[in-house]
Amino acid sequence: MRKIVAGLFMSLDGVVEAPETWHFPYLNDEMGQAVAAQMQAADALLLGRHTYDVFAAHWPHQDAADPMAATLNAVPKYVVSTTLTTPTWANTTVIAGDPRKELLRLKEAPGKDIGMSGSPALVAWLLREGLLDQLNLMVHPIVLGRGRRLFDEDLGQIPLTLTRSDTFSTGVLNLTYTRA
């Protein structure tokens with residue numbers, strides 16, 4: 001059975017919003033290798049609507065020689081949305097009806113992991129529904145003070161198990177969790 005694996009950049013105070021505005025000073029070869037390993041373990045990408053819109057506006061216009069752009073543009077993409085009707089990014093399928101049922105079907109299909117990047121509302125929903133198999137957080141040593149946090153007060157209690165932890169030379173913690 002395939003796993004749904006989410007990877008997010010997070011500030012020390014839990015902010016996951018707009019990492020492109022605060023993440024890059026911490027990007028180094030260690031982090032690049034960890035992100036590349038997550039991407040290589042997946043052969044599909046699961047996104048929420050907002051993250052899809054951001055990615056679809058950016059990645060199709062990048063140099064095809066860029067390995068990340070080539071991968072993201074080629075991989076099958078699944079977007080959980082009730083408002084997206086005509087996706088413009090190649091290889092995109094919209095999951096609009098019963099996302100739980102469709103995601104369970106995708107997990108049963110042959111293949112590698114189903115990767116996620118961003119999409120904090122979808123990550124929280126997947127956790128609540130018991131569909132998220134692995135949560136990879138790269139916690140950056142910065143306090144932002146405001147911005148969208150991964151977990152809101154309404155999520156409830158969800159026990160997790162820390163299965164791996166690394167500290168990069170920049171002070172970023174690379175944490176991997178599964179459901180307890």
# chains A, B, ... in the order shown; residues from 1 in each chain; ligands from 1
>>> residues_around(residues="Arg49 (chain A)", least_positions_apart="4", cutoff="9 Å", atoms="only C-alpha atoms", output="PDB file with N, CA and C atoms, in the first residue's frame")
ATOM      1  N   ASP A  53      -2.564  26.334  -6.899  1.00  0.00           N
ATOM      2  CA  ASP A  53      -2.559  27.602  -7.643  1.00  0.00           C
ATOM      3  C   ASP A  53      -1.170  28.238  -7.639  1.00  0.00           C
ATOM      4  N   VAL A  54      -0.509  28.219  -6.495  1.00  0.00           N
ATOM      5  CA  VAL A  54       0.839  28.801  -6.395  1.00  0.00           C
ATOM      6  C   VAL A  54       1.821  28.009  -7.265  1.00  0.00           C
ATOM      7  N   VAL A  79      -5.399  17.177  -6.948  1.00  0.00           N
ATOM      8  CA  VAL A  79      -5.772  18.377  -6.208  1.00  0.00           C
ATOM      9  C   VAL A  79      -7.128  18.146  -5.552  1.00  0.00           C
ATOM     10  N   VAL A  80      -7.152  18.260  -4.224  1.00  0.00           N
ATOM     11  CA  VAL A  80      -8.415  18.153  -3.501  1.00  0.00           C
ATOM     12  C   VAL A  80      -9.048  19.540  -3.513  1.00  0.00           C
ATOM     13  N   SER A  81     -10.174  19.652  -4.236  1.00  0.00           N
ATOM     14  CA  SER A  81     -10.820  20.955  -4.373  1.00  0.00           C
ATOM     15  C   SER A  81     -12.263  20.786  -4.831  1.00  0.00           C
ATOM     16  N   THR A  82     -13.126  21.612  -4.291  1.00  0.00           N
ATOM     17  CA  THR A  82     -14.509  21.641  -4.767  1.00  0.00           C
ATOM     18  C   THR A  82     -14.728  22.811  -5.720  1.00  0.00           C
ATOM     19  N   THR A  83     -13.703  23.640  -5.914  1.00  0.00           N
ATOM     20  CA  THR A  83     -13.861  24.823  -6.764  1.00  0.00           C
ATOM     21  C   THR A  83     -13.040  24.774  -8.049  1.00  0.00           C
ATOM     22  N   LEU A  84     -11.997  23.980  -8.100  1.00  0.00           N
ATOM     23  CA  LEU A  84     -11.179  23.868  -9.311  1.00  0.00           C
ATOM     24  C   LEU A  84     -11.888  22.934 -10.291  1.00  0.00           C
ATOM     25  N   SER A 119       0.176  22.888   1.499  1.00  0.00           N
ATOM     26  CA  SER A 119      -1.209  22.441   1.679  1.00  0.00           C
ATOM     27  C   SER A 119      -1.551  22.146   3.138  1.00  0.00           C
TER      28      SER A 119
END
>>> residues_around(residues="Thr176 (chain A)", least_positions_apart="5", cutoff="10 Å", atoms="only C-alpha atoms", output="VMD selection string")
chain A and resid 5 to 7 134 to 138 160 to 166
>>> write_last_selection(atoms="C-alpha atoms", output="PDB file, in the first residue's frame")
ATOM      1  CA  VAL A   5       3.783  11.663   2.930  1.00  0.00           C
ATOM      2  CA  ALA A   6       3.668  15.391   3.657  1.00  0.00           C
ATOM      3  CA  GLY A   7       6.763  17.574   3.798  1.00  0.00           C
ATOM      4  CA  GLN A 134       4.076  10.335   7.440  1.00  0.00           C
ATOM      5  CA  LEU A 135       4.692  13.966   8.347  1.00  0.00           C
ATOM      6  CA  ASN A 136       8.113  15.434   7.586  1.00  0.00           C
ATOM      7  CA  LEU A 137       8.737  18.811   9.189  1.00  0.00           C
ATOM      8  CA  MET A 138      11.804  20.938   8.605  1.00  0.00           C
ATOM      9  CA  LEU A 160       2.291  10.890  16.672  1.00  0.00           C
ATOM     10  CA  THR A 161       5.540   8.962  16.935  1.00  0.00           C
ATOM     11  CA  LEU A 162       8.886  10.583  16.124  1.00  0.00           C
ATOM     12  CA  THR A 163      10.615   8.056  13.858  1.00  0.00           C
ATOM     13  CA  ARG A 164      13.625  10.100  12.784  1.00  0.00           C
ATOM     14  CA  SER A 165      15.347  13.356  13.632  1.00  0.00           C
ATOM     15  CA  ASP A 166      18.365  15.131  12.218  1.00  0.00           C
TER      16      ASP A 166
END
>>> residues_around(residues="region 11-28 of chain A", least_positions_apart="2", cutoff="9 Å", atoms="only C-alpha atoms", output="PyMOL selection string")
chain A and resi 8-9+30-33+118+120+138-151+168-172
>>> closest_residue(among="A:Thr92, A:Gln157, A:Gln40, A:Thr51", to="Thr71 (chain A)", atoms="only C-alpha atoms")
A:Gln40
>>> select_by_dssp(residues="region 67-180 of chain A", states="alpha helix (DSSP H)", output="PyMOL selection string")
chain A and resi 67-74+99-108+120-129
>>> closest_residue(among="A:Gly97, A:Pro110, A:Pro87, A:Gly115", to="Ala44 (chain A)", atoms="only C-alpha atoms")
A:Gly115
>>> atom_distance(atom1="CA of Leu104 (chain A)", atom2="CA of His58 (chain A)")
29.1 Å
>>> decode(residues="region 96-110 of chain A", atoms="all heavy atoms", output="short mmCIF file (atom, residue, chain, number, x, y, z; two decimals), in the first residue's frame")
data_model
loop_
_atom_site.label_atom_id
_atom_site.label_comp_id
_atom_site.auth_asym_id
_atom_site.auth_seq_id
_atom_site.Cartn_x
_atom_site.Cartn_y
_atom_site.Cartn_z
N ALA A 96 -12.82 15.98 -6.32
CA ALA A 96 -13.85 16.89 -5.84
C ALA A 96 -14.98 16.19 -5.09
O ALA A 96 -15.56 16.76 -4.18
CB ALA A 96 -14.45 17.67 -7.02
N GLY A 97 -15.28 14.97 -5.45
CA GLY A 97 -16.44 14.30 -4.88
C GLY A 97 -16.23 13.87 -3.44
O GLY A 97 -16.48 14.61 -2.50
N ASP A 98 -15.76 12.66 -3.24
CA ASP A 98 -15.51 12.09 -1.93
C ASP A 98 -14.00 11.90 -1.78
O ASP A 98 -13.46 10.85 -2.16
CB ASP A 98 -16.25 10.75 -1.79
CG ASP A 98 -16.07 10.11 -0.44
OD1 ASP A 98 -15.22 10.56 0.36
OD2 ASP A 98 -16.80 9.12 -0.17
N PRO A 99 -13.28 12.92 -1.26
CA PRO A 99 -11.82 12.82 -1.23
C PRO A 99 -11.31 11.64 -0.42
O PRO A 99 -10.31 11.02 -0.79
CB PRO A 99 -11.37 14.15 -0.64
CG PRO A 99 -12.56 14.78 -0.05
CD PRO A 99 -13.76 14.17 -0.71
N ARG A 100 -11.97 11.30 0.66
CA ARG A 100 -11.53 10.16 1.48
C ARG A 100 -11.53 8.89 0.64
O ARG A 100 -10.55 8.14 0.62
CB ARG A 100 -12.43 10.02 2.70
CG ARG A 100 -11.98 8.94 3.64
CD ARG A 100 -12.87 8.88 4.89
NE ARG A 100 -12.16 8.65 6.11
CZ ARG A 100 -11.35 7.64 6.35
NH1 ARG A 100 -11.09 6.75 5.44
NH2 ARG A 100 -10.76 7.51 7.53
N LYS A 101 -12.62 8.64 -0.05
CA LYS A 101 -12.76 7.44 -0.88
C LYS A 101 -11.71 7.42 -1.99
O LYS A 101 -11.06 6.40 -2.25
CB LYS A 101 -14.17 7.38 -1.47
CG LYS A 101 -14.42 6.19 -2.34
CD LYS A 101 -15.85 6.22 -2.87
CE LYS A 101 -16.10 5.08 -3.83
NZ LYS A 101 -17.45 5.14 -4.41
N GLU A 102 -11.53 8.56 -2.67
CA GLU A 102 -10.56 8.63 -3.77
C GLU A 102 -9.12 8.46 -3.28
O GLU A 102 -8.32 7.79 -3.91
CB GLU A 102 -10.72 9.95 -4.53
CG GLU A 102 -9.82 10.08 -5.73
CD GLU A 102 -10.03 9.02 -6.81
OE1 GLU A 102 -11.09 8.37 -6.86
OE2 GLU A 102 -9.10 8.82 -7.62
N LEU A 103 -8.80 9.06 -2.14
CA LEU A 103 -7.44 8.93 -1.61
C LEU A 103 -7.17 7.50 -1.16
O LEU A 103 -6.05 6.99 -1.34
CB LEU A 103 -7.21 9.93 -0.49
CG LEU A 103 -7.18 11.39 -0.97
CD1 LEU A 103 -7.12 12.34 0.21
CD2 LEU A 103 -6.02 11.63 -1.93
N LEU A 104 -8.14 6.84 -0.58
CA LEU A 104 -7.97 5.42 -0.22
C LEU A 104 -7.73 4.59 -1.48
O LEU A 104 -6.90 3.68 -1.48
CB LEU A 104 -9.18 4.91 0.56
CG LEU A 104 -9.27 5.40 2.00
CD1 LEU A 104 -10.63 5.04 2.61
CD2 LEU A 104 -8.13 4.84 2.85
N ARG A 105 -8.45 4.90 -2.55
CA ARG A 105 -8.24 4.20 -3.82
C ARG A 105 -6.82 4.44 -4.35
O ARG A 105 -6.14 3.51 -4.79
CB ARG A 105 -9.27 4.66 -4.86
CG ARG A 105 -9.23 3.84 -6.15
CD ARG A 105 -10.06 4.47 -7.25
NE ARG A 105 -9.51 5.72 -7.75
CZ ARG A 105 -8.44 5.83 -8.53
NH1 ARG A 105 -7.76 4.77 -8.88
NH2 ARG A 105 -8.03 7.02 -8.95
N LEU A 106 -6.36 5.68 -4.28
CA LEU A 106 -5.00 6.00 -4.74
C LEU A 106 -3.94 5.28 -3.91
O LEU A 106 -2.92 4.82 -4.43
CB LEU A 106 -4.75 7.51 -4.68
CG LEU A 106 -5.37 8.35 -5.79
CD1 LEU A 106 -5.17 9.82 -5.51
CD2 LEU A 106 -4.78 7.98 -7.13
N LYS A 107 -4.18 5.18 -2.61
CA LYS A 107 -3.23 4.49 -1.74
C LYS A 107 -3.16 3.00 -2.06
O LYS A 107 -2.12 2.38 -1.89
CB LYS A 107 -3.61 4.69 -0.26
CG LYS A 107 -3.32 6.10 0.23
CD LYS A 107 -3.77 6.32 1.65
CE LYS A 107 -2.84 5.63 2.60
NZ LYS A 107 -2.95 6.09 3.98
N GLU A 108 -4.25 2.42 -2.54
CA GLU A 108 -4.30 1.01 -2.90
C GLU A 108 -3.65 0.73 -4.25
O GLU A 108 -3.28 -0.41 -4.52
CB GLU A 108 -5.75 0.52 -2.92
CG GLU A 108 -6.43 0.51 -1.57
CD GLU A 108 -5.92 -0.58 -0.64
OE1 GLU A 108 -5.38 -1.60 -1.13
OE2 GLU A 108 -6.05 -0.40 0.58
N ALA A 109 -3.53 1.74 -5.09
CA ALA A 109 -2.97 1.56 -6.43
C ALA A 109 -1.46 1.30 -6.32
O ALA A 109 -0.81 1.73 -5.36
CB ALA A 109 -3.23 2.81 -7.27
N PRO A 110 -0.90 0.59 -7.28
CA PRO A 110 0.55 0.37 -7.24
C PRO A 110 1.31 1.68 -7.42
O PRO A 110 0.82 2.60 -8.06
CB PRO A 110 0.79 -0.59 -8.41
CG PRO A 110 -0.40 -0.48 -9.29
CD PRO A 110 -1.54 -0.01 -8.44
#
